[in-house]
>>> print(open('start-v4.cif').read())   # mmCIF, C-alpha atoms
data_entry
loop_
_atom_site.label_atom_id
_atom_site.label_comp_id
_atom_site.auth_asym_id
_atom_site.auth_seq_id
_atom_site.Cartn_x
_atom_site.Cartn_y
_atom_site.Cartn_z
CA MET C 3 28.89 13.24 8.72
CA ALA C 4 26.74 16.23 9.63
CA THR C 5 26.00 16.76 13.27
CA ILE C 6 22.97 18.43 14.75
CA SER C 7 24.00 21.57 16.52
CA ARG C 8 20.87 22.44 18.47
CA SER C 9 21.21 19.80 21.15
CA SER C 10 19.68 21.56 24.14
CA ARG C 11 17.31 18.70 24.80
CA GLN C 12 20.00 16.05 24.69
CA SER C 13 20.89 14.71 28.12
CA PRO C 14 24.13 12.90 28.99
CA ALA C 15 22.09 9.70 29.35
CA ASP C 16 20.96 10.05 25.74
CA VAL C 17 24.52 10.46 24.57
CA ARG C 18 25.67 7.37 26.48
CA SER C 19 22.85 5.33 24.96
CA GLU C 20 24.03 6.03 21.40
CA PRO C 21 24.29 2.54 19.93
CA THR C 22 27.55 1.28 18.50
CA PRO C 23 27.10 0.15 14.89
CA ILE C 24 26.88 -3.62 14.70
CA GLN C 25 30.03 -5.05 13.15
CA ARG C 26 29.04 -8.68 13.39
CA ALA C 27 25.72 -10.47 13.93
CA SER C 28 24.63 -14.06 14.44
CA SER C 29 21.19 -13.48 12.87
CA VAL C 30 19.94 -11.09 10.22
CA LEU C 31 17.24 -10.09 12.72
CA GLU C 32 19.86 -8.34 14.83
CA LEU C 33 20.52 -6.00 11.91
CA ILE C 34 17.02 -4.50 11.95
CA GLY C 35 16.78 -0.86 12.98
CA ASN C 36 19.40 1.79 13.71
CA THR C 37 18.84 3.20 10.24
CA PRO C 38 20.47 6.48 9.21
CA LEU C 39 18.79 9.87 9.39
CA LEU C 40 19.45 11.97 6.32
CA GLU C 41 19.07 15.74 6.27
CA ILE C 42 17.27 16.85 3.12
CA THR C 43 19.15 19.97 2.11
CA ARG C 44 19.26 20.45 -1.66
CA LEU C 45 15.58 19.90 -2.26
CA THR C 46 14.53 22.22 0.56
CA GLU C 47 17.00 24.97 -0.38
CA GLY C 48 15.18 28.25 -0.88
CA LEU C 49 11.84 26.66 0.00
CA VAL C 50 12.07 26.61 3.81
CA ARG C 51 13.28 29.26 6.24
CA PRO C 52 16.89 29.08 7.47
CA GLY C 53 15.85 27.92 10.95
CA VAL C 54 14.00 24.90 9.60
CA ARG C 55 15.60 21.53 9.06
CA VAL C 56 14.08 18.47 7.43
CA PHE C 57 15.28 14.93 8.00
CA ALA C 58 14.26 11.56 6.58
CA LYS C 59 14.87 8.24 8.23
CA LEU C 60 16.06 5.88 5.53
CA GLU C 61 14.27 2.66 6.39
CA GLY C 62 15.45 1.04 3.17
CA PHE C 63 18.65 0.27 5.08
CA ASN C 64 16.88 -2.44 7.06
CA PRO C 65 17.93 -5.94 5.92
CA GLY C 66 14.50 -6.68 4.42
CA GLY C 67 14.61 -3.29 2.71
CA SER C 68 11.84 -1.48 4.55
CA VAL C 69 10.47 -0.06 7.79
CA LYS C 70 8.31 -3.19 8.06
CA ASP C 71 11.22 -5.26 9.34
CA ARG C 72 10.66 -3.62 12.72
CA PRO C 73 7.02 -4.65 13.37
CA ALA C 74 7.50 -8.02 11.63
CA ARG C 75 10.30 -8.95 14.03
CA LYS C 76 8.39 -7.70 17.07
CA MET C 77 5.10 -9.40 16.19
CA VAL C 78 6.85 -12.74 15.63
CA GLU C 79 8.97 -12.32 18.76
CA ILE C 80 5.87 -11.74 20.93
CA GLY C 81 4.01 -14.57 19.16
CA LEU C 82 6.84 -16.93 20.11
CA GLU C 83 6.93 -15.67 23.71
CA ARG C 84 3.19 -16.24 24.11
CA GLY C 85 3.29 -19.65 22.39
CA ASP C 86 0.92 -18.48 19.66
CA LEU C 87 3.67 -19.32 17.19
CA ARG C 88 5.35 -22.69 17.71
CA PRO C 89 6.90 -25.41 15.55
CA GLY C 90 4.44 -26.85 13.06
CA LYS C 91 2.62 -23.54 12.55
CA VAL C 92 2.64 -21.36 9.46
CA ILE C 93 2.95 -17.57 9.60
CA ILE C 94 0.20 -16.00 7.47
CA ASP C 95 -0.90 -12.41 6.91
CA SER C 96 -2.46 -10.11 4.36
CA THR C 97 -0.02 -7.58 3.01
CA SER C 98 0.57 -5.53 -0.10
CA GLY C 99 4.25 -6.20 0.05
CA ASN C 100 6.72 -4.73 2.50
CA THR C 101 5.32 -6.50 5.54
CA GLY C 102 5.17 -9.63 3.44
CA ILE C 103 8.83 -9.30 2.56
CA ALA C 104 9.69 -8.65 6.20
CA LEU C 105 7.68 -11.62 7.46
CA ALA C 106 9.17 -13.82 4.73
CA MET C 107 12.65 -12.79 5.87
CA VAL C 108 11.88 -13.25 9.58
CA GLY C 109 10.23 -16.62 8.91
CA ALA C 110 13.23 -17.80 6.87
CA ALA C 111 15.67 -16.65 9.56
CA LEU C 112 13.72 -18.52 12.27
CA GLY C 113 12.78 -21.59 10.21
CA TYR C 114 9.01 -20.98 9.98
CA PRO C 115 7.04 -21.31 6.71
CA VAL C 116 5.24 -18.15 5.58
CA GLU C 117 2.13 -17.66 3.41
CA LEU C 118 1.11 -14.18 2.29
CA VAL C 119 -2.19 -12.98 0.89
CA MET C 120 -1.88 -9.96 -1.37
CA ALA C 121 -3.80 -8.27 -4.15
CA ALA C 122 -2.50 -9.49 -7.49
CA ASN C 123 -1.53 -5.95 -8.59
CA VAL C 124 1.35 -5.45 -6.11
CA SER C 125 4.65 -4.82 -7.84
CA LYS C 126 6.46 -7.69 -9.59
CA GLU C 127 9.61 -6.98 -7.64
CA ARG C 128 7.80 -7.50 -4.35
CA LYS C 129 6.28 -10.78 -5.49
CA LYS C 130 9.71 -12.05 -6.58
CA ILE C 131 11.44 -11.00 -3.38
CA ILE C 132 8.77 -12.73 -1.28
CA GLU C 133 9.19 -15.93 -3.27
CA ALA C 134 12.98 -15.64 -3.07
CA PHE C 135 12.70 -15.80 0.74
CA GLY C 136 10.80 -19.08 0.31
CA ALA C 137 7.36 -17.71 1.24
CA ARG C 138 4.19 -18.71 -0.63
CA PRO C 139 2.16 -15.85 -2.14
CA ILE C 140 -1.64 -16.16 -2.41
CA TYR C 141 -3.23 -13.59 -4.70
CA SER C 142 -6.57 -11.86 -4.16
CA ASP C 143 -8.66 -9.93 -6.70
CA PRO C 144 -6.84 -6.70 -7.61
CA LEU C 145 -10.15 -4.87 -7.93
CA GLU C 146 -10.81 -5.46 -4.24
CA GLY C 147 -7.51 -3.89 -3.08
CA SER C 148 -5.91 -4.56 0.30
CA ASP C 149 -9.30 -4.96 1.95
CA GLY C 150 -9.94 -7.89 -0.39
CA ALA C 151 -6.65 -9.46 0.74
CA ILE C 152 -7.65 -8.97 4.40
CA LEU C 153 -10.97 -10.73 3.82
CA LEU C 154 -9.41 -13.62 1.84
CA CYS C 155 -6.79 -14.11 4.57
CA ARG C 156 -9.55 -14.32 7.21
CA LYS C 157 -11.34 -16.94 5.10
CA ILE C 158 -8.19 -19.10 4.72
CA ILE C 159 -7.55 -19.03 8.47
CA ALA C 160 -11.20 -19.78 9.30
CA GLU C 161 -10.96 -22.95 7.21
CA ASN C 162 -7.93 -24.20 9.17
CA PRO C 163 -7.45 -22.09 12.31
CA ASP C 164 -4.96 -24.35 14.12
CA ARG C 165 -2.53 -24.30 11.22
CA TYR C 166 -1.78 -20.61 11.27
CA PHE C 167 -0.18 -17.83 13.29
CA LYS C 168 -1.44 -14.50 12.03
CA PRO C 169 0.63 -11.51 13.18
CA ASP C 170 -2.29 -9.28 12.08
CA GLN C 171 -0.33 -6.09 11.62
CA TYR C 172 -3.52 -4.00 11.48
CA ASN C 173 -4.64 -4.98 14.97
CA ASN C 174 -1.48 -6.18 16.78
CA ALA C 175 -0.20 -3.85 19.51
CA ALA C 176 3.29 -5.24 18.85
CA ASN C 177 3.28 -3.25 15.59
CA PRO C 178 3.27 0.24 17.19
CA LEU C 179 5.29 -1.17 20.11
CA ALA C 180 8.16 -1.96 17.72
CA HIS C 181 8.25 1.70 16.75
CA PHE C 182 7.85 2.87 20.33
CA GLN C 183 10.89 0.81 21.29
CA THR C 184 13.12 1.42 18.26
CA THR C 185 12.11 4.07 15.71
CA GLY C 186 11.11 6.67 18.31
CA PRO C 187 14.25 6.38 20.47
CA GLU C 188 16.46 6.40 17.37
CA ILE C 189 14.90 9.64 16.09
CA TRP C 190 15.21 11.21 19.54
CA ARG C 191 18.90 10.30 19.71
CA GLN C 192 19.68 11.17 16.10
CA THR C 193 18.18 14.65 16.43
CA GLY C 194 19.68 15.18 19.86
CA GLY C 195 16.14 15.70 21.16
CA THR C 196 15.54 18.67 18.85
CA VAL C 197 12.78 17.08 16.77
CA THR C 198 9.69 19.31 16.75
CA HIS C 199 7.48 17.62 14.13
CA PHE C 200 7.13 13.98 13.16
CA VAL C 201 5.39 13.20 9.87
CA ALA C 202 4.59 9.67 8.70
CA GLY C 203 2.24 7.94 6.29
CA LEU C 204 -0.82 6.02 7.39
CA GLY C 205 -0.92 2.39 6.29
CA THR C 206 -1.45 0.18 9.28
CA SER C 207 -0.63 3.39 11.23
CA GLY C 208 1.88 1.46 13.37
CA THR C 209 4.79 3.77 12.52
CA VAL C 210 3.05 7.03 13.35
CA MET C 211 1.28 5.66 16.43
CA GLY C 212 4.31 4.01 18.07
CA THR C 213 6.93 6.57 17.10
CA GLY C 214 4.59 9.43 17.94
CA ARG C 215 3.84 8.01 21.38
CA TYR C 216 7.53 7.68 22.18
CA LEU C 217 8.41 11.16 20.97
CA LYS C 218 5.54 12.72 22.92
CA SER C 219 6.67 10.81 26.02
CA ARG C 220 9.99 12.63 25.70
CA ASN C 221 8.54 16.00 24.75
CA PRO C 222 4.75 16.47 24.69
CA ALA C 223 5.17 19.57 22.51
CA ILE C 224 6.31 17.49 19.54
CA ARG C 225 3.62 17.54 16.87
CA VAL C 226 2.73 14.18 15.35
CA ILE C 227 1.25 14.40 11.87
CA GLY C 228 -0.28 11.62 9.80
CA MET C 229 -0.18 11.66 6.01
CA GLU C 230 -2.68 9.88 3.79
CA PRO C 231 -3.72 9.79 0.13
CA ASP C 232 -6.10 12.59 -0.86
CA ASP C 233 -8.66 10.23 -2.38
CA ALA C 234 -9.83 6.64 -2.14
CA MET C 235 -8.60 6.16 -5.72
CA HIS C 236 -4.86 6.66 -5.43
CA GLY C 237 -1.51 5.21 -6.40
CA LEU C 238 0.40 5.36 -3.13
CA GLU C 239 1.31 1.75 -2.44
CA GLY C 240 1.41 1.06 1.27
CA LEU C 241 -0.91 3.90 2.29
CA LYS C 242 -4.57 3.90 3.24
CA HIS C 243 -7.25 6.51 2.69
CA MET C 244 -8.72 6.02 6.14
CA ALA C 245 -12.20 7.42 5.49
CA THR C 246 -12.90 4.75 2.89
CA SER C 247 -10.86 1.80 4.21
CA ILE C 248 -11.18 -0.83 6.91
CA VAL C 249 -9.71 1.21 9.79
CA PRO C 250 -6.87 -0.65 11.58
CA GLY C 251 -7.57 -1.52 15.21
CA ILE C 252 -4.23 0.01 16.25
CA TYR C 253 -5.14 3.40 14.73
CA ASN C 254 -6.19 6.13 17.14
CA GLU C 255 -6.70 9.34 15.26
CA ALA C 256 -7.06 11.30 18.51
CA GLU C 257 -3.30 10.90 19.04
CA LEU C 258 -2.52 12.83 15.87
CA ASP C 259 -2.10 16.59 16.00
CA ASP C 260 -2.88 16.92 12.32
CA LYS C 261 -3.40 15.04 9.09
CA ILE C 262 -2.16 15.98 5.64
CA ALA C 263 -3.64 14.64 2.40
CA VAL C 264 -1.24 14.14 -0.51
CA SER C 265 -2.11 13.57 -4.15
CA THR C 266 -0.50 10.72 -6.02
CA GLU C 267 0.76 13.07 -8.73
CA ASP C 268 2.59 15.27 -6.19
CA ALA C 269 4.07 12.20 -4.50
CA TYR C 270 5.33 10.78 -7.79
CA ASP C 271 6.90 14.13 -8.72
CA MET C 272 8.59 14.20 -5.33
CA VAL C 273 10.06 10.74 -5.92
CA TYR C 274 11.63 12.03 -9.15
CA ALA C 275 12.88 15.13 -7.31
CA LEU C 276 14.43 13.12 -4.49
CA GLY C 277 16.25 10.92 -6.98
CA GLN C 278 17.57 13.70 -9.19
CA VAL C 279 18.07 16.53 -6.73
CA GLU C 280 18.94 14.75 -3.51
CA GLY C 281 20.40 11.49 -4.85
CA VAL C 282 17.96 9.34 -2.90
CA LEU C 283 15.79 6.91 -4.85
CA VAL C 284 12.72 5.98 -2.83
CA GLY C 285 9.26 4.49 -3.28
CA GLN C 286 6.04 6.45 -3.74
CA SER C 287 5.01 6.45 -0.08
CA SER C 288 8.32 8.15 0.72
CA GLY C 289 7.62 10.72 -1.99
CA ALA C 290 4.29 11.38 -0.30
CA ALA C 291 5.99 11.59 3.10
CA MET C 292 8.41 14.17 1.71
CA VAL C 293 5.55 16.24 0.26
CA ALA C 294 3.86 16.29 3.68
CA ALA C 295 7.12 17.01 5.52
CA LEU C 296 7.91 19.85 3.13
CA LYS C 297 4.42 21.28 3.59
CA VAL C 298 4.93 21.28 7.36
CA ALA C 299 8.45 22.71 7.02
CA CYS C 300 7.24 25.54 4.77
CA SER C 301 4.77 26.62 7.46
CA LEU C 302 7.46 26.96 10.16
CA ARG C 303 9.74 29.80 11.23
CA GLU C 304 12.02 27.30 12.88
CA GLY C 305 11.85 23.64 13.70
CA CYS C 306 13.13 20.15 13.04
CA VAL C 307 10.84 18.03 10.90
CA VAL C 308 11.47 14.29 10.73
CA THR C 309 9.76 11.93 8.33
CA ILE C 310 10.09 8.30 7.35
CA PHE C 311 11.20 7.05 3.96
CA ALA C 312 9.71 3.57 4.26
CA ASP C 313 11.84 1.93 1.57
CA PHE C 314 14.03 2.51 -1.47
CA GLY C 315 12.74 2.84 -5.00
CA ASP C 316 14.32 -0.16 -6.65
CA ARG C 317 11.39 -2.41 -5.83
CA TYR C 318 9.04 -0.16 -7.82
CA LEU C 319 10.92 0.14 -11.09
CA SER C 320 8.31 -1.93 -12.94
CA THR C 321 5.36 0.03 -11.57
CA ASN C 322 3.28 2.97 -12.79
CA LEU C 323 5.42 5.22 -10.59
CA TRP C 324 7.80 5.62 -13.52
CA ILE C 325 5.22 6.55 -16.15
CA GLY C 326 5.99 10.06 -17.30
CA TRP C 327 9.04 10.69 -15.13
CA GLN C 328 10.97 12.09 -18.11
CA GLN C 329 8.66 15.10 -18.12
CA TRP C 330 9.57 15.96 -14.56
CA ARG C 331 11.13 19.34 -13.80
CA ARG C 332 12.15 20.96 -10.52
CA ASP C 333 9.71 23.79 -11.14
CA ARG C 334 6.86 21.38 -10.41
CA ILE C 335 8.01 21.20 -6.80
CA GLU C 336 8.35 24.98 -6.69
CA ARG C 337 4.82 25.33 -8.10
CA LEU C 338 3.58 22.88 -5.48
CA VAL C 339 5.11 24.96 -2.69
CA SER C 340 3.75 28.18 -4.19
CA ARG C 341 0.25 26.65 -4.14
CA TRP C 342 0.61 26.08 -0.39
CA ASN C 343 1.77 29.66 0.07
CA VAL C 344 -1.21 30.99 -1.88
CA SER C 345 -3.67 28.95 0.16
CA ALA C 346 -1.91 29.94 3.42
CA ASN C 347 -2.12 33.61 2.46
CA ALA C 348 -5.76 33.16 1.54
CA THR C 349 -6.60 31.81 4.97
CA THR C 350 -4.63 34.36 6.99
CA MET H 29 -25.57 -5.07 -25.65
CA GLY H 30 -23.16 -2.37 -24.45
CA ILE H 31 -19.78 -2.59 -22.83
CA LYS H 32 -19.13 -4.13 -19.43
CA VAL H 33 -16.89 -2.12 -17.09
CA ARG H 34 -15.49 -3.65 -13.91
CA VAL H 35 -15.10 -1.05 -11.18
CA PRO H 36 -12.53 -1.24 -8.34
CA THR H 37 -13.54 -0.73 -4.70
CA PRO H 38 -12.39 2.93 -4.44
CA LEU H 39 -14.71 3.96 -7.29
CA ARG H 40 -17.82 2.07 -6.23
CA ARG H 41 -19.10 5.03 -4.24
CA PHE H 42 -19.84 6.57 -7.67
CA THR H 43 -21.63 3.46 -8.98
CA GLY H 44 -23.98 2.88 -6.09
CA GLY H 45 -21.74 0.11 -4.81
CA ASN H 46 -21.88 -1.87 -8.07
CA ASP H 47 -18.68 -3.66 -9.06
CA GLU H 48 -19.79 -3.86 -12.67
CA VAL H 49 -21.61 -1.27 -14.76
CA ALA H 50 -22.62 -0.81 -18.38
CA ALA H 51 -21.31 1.94 -20.64
CA GLU H 52 -21.20 2.92 -24.30
CA GLY H 53 -18.64 4.41 -26.65
CA ASP H 54 -16.36 3.52 -29.53
CA SER H 55 -13.08 4.24 -27.72
CA ILE H 56 -11.81 4.01 -24.17
CA LYS H 57 -11.98 7.80 -23.90
CA ALA H 58 -15.61 7.78 -25.07
CA VAL H 59 -16.46 5.02 -22.61
CA ILE H 60 -14.91 7.00 -19.74
CA GLN H 61 -16.86 10.11 -20.80
CA ASP H 62 -20.04 8.03 -20.86
CA LEU H 63 -19.20 6.56 -17.46
CA ASP H 64 -18.82 10.06 -16.08
CA ARG H 65 -22.22 11.08 -17.45
CA ARG H 66 -23.82 8.08 -15.79
CA HIS H 67 -21.75 8.24 -12.60
CA PRO H 68 -20.61 11.88 -12.11
CA GLY H 69 -17.18 12.19 -10.48
CA ILE H 70 -15.70 8.98 -11.82
CA GLY H 71 -14.10 10.70 -14.82
CA GLU H 72 -11.76 12.97 -12.88
CA ARG H 73 -10.52 9.97 -10.87
CA LEU H 74 -9.39 8.36 -14.11
CA LEU H 75 -8.25 11.32 -16.23
CA ASP H 76 -6.04 14.25 -15.29
CA GLU H 77 -6.65 17.90 -16.11
CA LYS H 78 -5.12 17.38 -19.56
CA GLY H 79 -7.48 14.52 -20.28
CA GLU H 80 -4.72 11.91 -20.02
CA LEU H 81 -5.09 8.67 -18.09
CA ARG H 82 -3.77 9.25 -14.57
CA ARG H 83 -0.40 7.59 -14.04
CA PHE H 84 -1.64 5.31 -11.27
CA VAL H 85 -4.68 4.06 -13.17
CA ASN H 86 -4.52 0.96 -15.31
CA VAL H 87 -7.28 0.13 -17.77
CA TYR H 88 -7.53 -3.30 -19.34
CA LEU H 89 -9.50 -3.93 -22.53
CA ASN H 90 -10.41 -7.62 -22.75
CA GLY H 91 -7.45 -8.29 -20.45
CA ASP H 92 -4.90 -6.16 -22.35
CA ASP H 93 -3.36 -3.02 -20.80
CA ILE H 94 -4.50 -0.12 -22.99
CA ARG H 95 -1.07 1.53 -22.63
CA PHE H 96 0.18 -1.27 -24.90
CA LEU H 97 -2.73 -0.75 -27.32
CA SER H 98 -3.67 2.77 -28.44
CA ALA H 99 -4.15 4.13 -24.90
CA LEU H 100 -7.33 6.20 -24.62
CA ASP H 101 -7.87 5.98 -28.39
CA SER H 102 -8.09 2.17 -28.26
CA LYS H 103 -11.16 1.06 -30.20
CA VAL H 104 -14.00 -0.50 -28.25
CA LYS H 105 -17.02 -2.44 -29.50
CA ASP H 106 -20.18 -3.90 -28.06
CA GLY H 107 -19.53 -6.92 -25.87
CA ASP H 108 -16.04 -5.78 -24.86
CA ASP H 109 -14.92 -6.12 -21.27
CA ILE H 110 -13.08 -3.23 -19.56
CA SER H 111 -11.44 -3.40 -16.13
CA ILE H 112 -10.25 -0.37 -14.18
CA VAL H 113 -7.49 -1.31 -11.75
CA PRO H 114 -5.60 1.07 -9.46
CA ALA H 115 -1.84 0.56 -9.78
CA ILE H 116 -1.58 -0.38 -6.14
CA ALA H 117 -3.38 -2.35 -3.54
CA GLY H 118 -3.39 0.08 -0.58
CA GLY H 119 -2.60 -0.98 2.95
CA ARG H 120 0.72 -2.49 3.80
#
>>> encode(input="start-v4.cif", output="structure tokens")
Amino acid sequence: MATISRSSRQSPADVRSEPTPIQRASSVLELIGNTPLLEITRLTEGLVRPGVRVFAKLEGFNPGGSVKDRPARKMVEIGLERGDLRPGKVIIDSTSGNTGIALAMVGAALGYPVELVMAANVSKERKKIIEAFGARPIYSDPLEGSDGAILLCRKIIAENPDRYFKPDQYNNAANPLAHFQTTGPEIWRQTGGTVTHFVAGLGTSGTVMGTGRYLKSRNPAIRVIGMEPDDAMHGLEGLKHMATSIVPGIYNEAELDDKIAVSTEDAYDMVYALGQVEGVLVGQSSGAAMVAALKVACSLREGCVVTIFADFGDRYLSTNLWIGWQQWRRDRIERLVSRWNVSANATT
Amino acid sequence: MGIKVRVPTPLRRFTGGNDEVAAEGDSIKAVIQDLDRRHPGIGERLLDEKGELRRFVNVYLNGDDIRFLSALDSKVKDGDDISIVPAIAGGR
């Protein structure tokens, strides 16, 4: 396994706190987190300067298959502590998939029924996985997107408020807190404190808010960068175009140092590249994260850029992501990078 | 009589907030071109620079995915119902 050589920021306390891999667990919930950090080397070769390293945290290794296991566990845990969730109640939320899968898994592991409101056009794989965990899907109009699911979920709860516990990932402080307590410390440890840039997609914004806060608490110079689709009409499942969406209550744009807009086409191409060049098959939001991370990395003389690959690609095989992948060539990524260089030269 | 086109939330800024608009044309491509004349900007959200349907856009003609018909050349007639649906739902 590769080690990170530039460890000047790593203190002995950090080294001692390196977690031992769990060999045995009494609940699947104990297996959430401590995901591996993969250095992206083949794809970045020749595109970034020698002093720049790019890493991706592979959140697909969580037991529910995505980064959403972290906030789902934390939101339910705090709900139980406060008594908002207790026997007889049903966990309900609006979700386009990964949070739904995570809540379905957490609910099953703790013995609570789960109902999930989602737009009918989420991927078939996600619907099946949710049902396989015993949760009940409720579909909203696909033309209304995730905001339609949010509104339908509110209506269902209003009709029977005592029946439900709604984690409300868009407005629950436990969502970023999960990342503050787990994702952030893991990245700090795994990079030996050398991380200089953190790049993550904006969905609920929990990942970038919580992880960013932790990293800045360790080193205020770390730049925290949000990534979002470049247009309201996009194909990046899991991500929000903030200017045209219901803005999550947990989102505070002032905490971001920068934002990068990514086109769906570039993100899809990057998914194909990661699969064929790096041997990592991820979903479209991870492709977008890699585009943004690469854009940041290309602008640096030296640095350590960390991004999040929210899940693996196998739950998107039936989706539009795979339309036209046979036409993909590596030169598309090189053309993409050359476009950035042209625009950078034009502005300097 | 015309053709009825259902418009998803992200494109309603081009249609004055309407979730359903009228259009004309004898193929899906012609209908999209007509839509763009009536609601400038909508066309480039649906078609790429080569004039192909963007990968993340699904178009349904009377409930059938046009990719399983004749794609943009699928024939359209008065009274038909077209839905434009982004391939994803957004949010998490």
>>> interface_residues(input="start-v4.cif", of="chain H", to="chain C", cutoff="9 Å", atoms="all atoms listed in the file", output="MDAnalysis selection string")
chainID H and resid 34:39 47 73:74 82:86 111:120
>>> resolve_selection(input="start-v4.cif", expression="the PyMOL selection byres ((chain C and resi 159) around 12)", output="MDAnalysis selection string")
chainID C and resid 91:96 117:119 152:158 160:168 170
>>> resolve_selection(input="start-v4.cif", expression="the PyMOL selection byres ((chain H and resi 94) around 12)", output="PyMOL selection string")
chain H and resi 55-57+81+85-93+95-104+110-113
>>> residues_around(input="start-v4.cif", residues="range 41-44 of chain C", least_positions_apart="6", cutoff="8 Å", atoms="all atoms listed in the file", output="ChimeraX atom specification")
/C:55-58,279-280
>>> residues_around(input="start-v4.cif", residues="range 185-193 of chain C", least_positions_apart="5", cutoff="6 Å", atoms="all atoms listed in the file", output="list in words")
Thr213, Tyr216 and Leu217 of chain C
>>> write_last_selection(input="start-v4.cif", atoms="C-alpha atoms", output="CSV table (one decimal), keeping the file's coordinate frame")
chain,number,residue,atom,x,y,z
C,213,THR,CA,6.9,6.6,17.1
C,216,TYR,CA,7.5,7.7,22.2
C,217,LEU,CA,8.4,11.2,21.0
>>> residues_near_point(input="start-v4.cif", point="(-17.4, -4.6, -28.1)", cutoff="9 Å", atoms="only C-alpha atoms", output="ChimeraX atom specification")
/H:29-32,54,103-109
>>> resolve_selection(input="start-v4.cif", expression="the PyMOL selection byres ((chain C and resi 251-256) around 8)", output="JSON, numbers by chain")
{"C": [172, 173, 174, 175, 178, 206, 207, 208, 211, 249, 250, 257, 258, 259]}
>>> atom_distance(input="start-v4.cif", atom1="CA of Asp313 in chain C", atom2="CA of Glu61 in chain C")
5.4 Å
>>> atom_distance(input="start-v4.cif", atom1="CA of Leu40 in chain C", atom2="CA of Lys59 in chain C")
6.2 Å
>>> atom_distance(input="start-v4.cif", atom1="CA of Ser340 in chain C", atom2="CA of Gly305 in chain C")
20.2 Å
>>> residues_around(input="start-v4.cif", residues="Val69 in chain C", least_positions_apart="3", cutoff="9 Å", atoms="only C-alpha atoms", output="VMD selection string")
chain C and resid 34 to 35 60 to 64 66 72 to 73 100 to 101 104 209 310 to 313
>>> closest_residue(input="start-v4.cif", among="C:Val50, C:Ala111, C:Val78, C:Ile103", to="Glu304 in chain C", atoms="only C-alpha atoms")
C:Val50
>>> closest_residue(input="start-v4.cif", among="C:Leu302, C:Leu112, C:Val201, C:Met229", to="Arg75 in chain C", atoms="all atoms listed in the file")
C:Leu112
>>> residues_around(input="start-v4.cif", residues="Gly69 in chain H", least_positions_apart="6", cutoff="12 Å", atoms="all atoms listed in the file", output="PyMOL selection string")
(chain C and resi 233+235) or (chain H and resi 39-43+60-63+75)
>>> write_last_selection(input="start-v4.cif", atoms="C-alpha atoms", output="PDB file, in the coordinates of the input")
ATOM      1  CA  ASP C 233      -8.660  10.230  -2.380  1.00  0.00           C
ATOM      2  CA  MET C 235      -8.600   6.160  -5.720  1.00  0.00           C
TER       3      MET C 235
ATOM      4  CA  LEU H  39     -14.710   3.960  -7.290  1.00  0.00           C
ATOM      5  CA  ARG H  40     -17.820   2.070  -6.230  1.00  0.00           C
ATOM      6  CA  ARG H  41     -19.100   5.030  -4.240  1.00  0.00           C
ATOM      7  CA  PHE H  42     -19.840   6.570  -7.670  1.00  0.00           C
ATOM      8  CA  THR H  43     -21.630   3.460  -8.980  1.00  0.00           C
ATOM      9  CA  ILE H  60     -14.910   7.000 -19.740  1.00  0.00           C
ATOM     10  CA  GLN H  61     -16.860  10.110 -20.800  1.00  0.00           C
ATOM     11  CA  ASP H  62     -20.040   8.030 -20.860  1.00  0.00           C
ATOM     12  CA  LEU H  63     -19.200   6.560 -17.460  1.00  0.00           C
ATOM     13  CA  LEU H  75      -8.250  11.320 -16.230  1.00  0.00           C
TER      14      LEU H  75
END
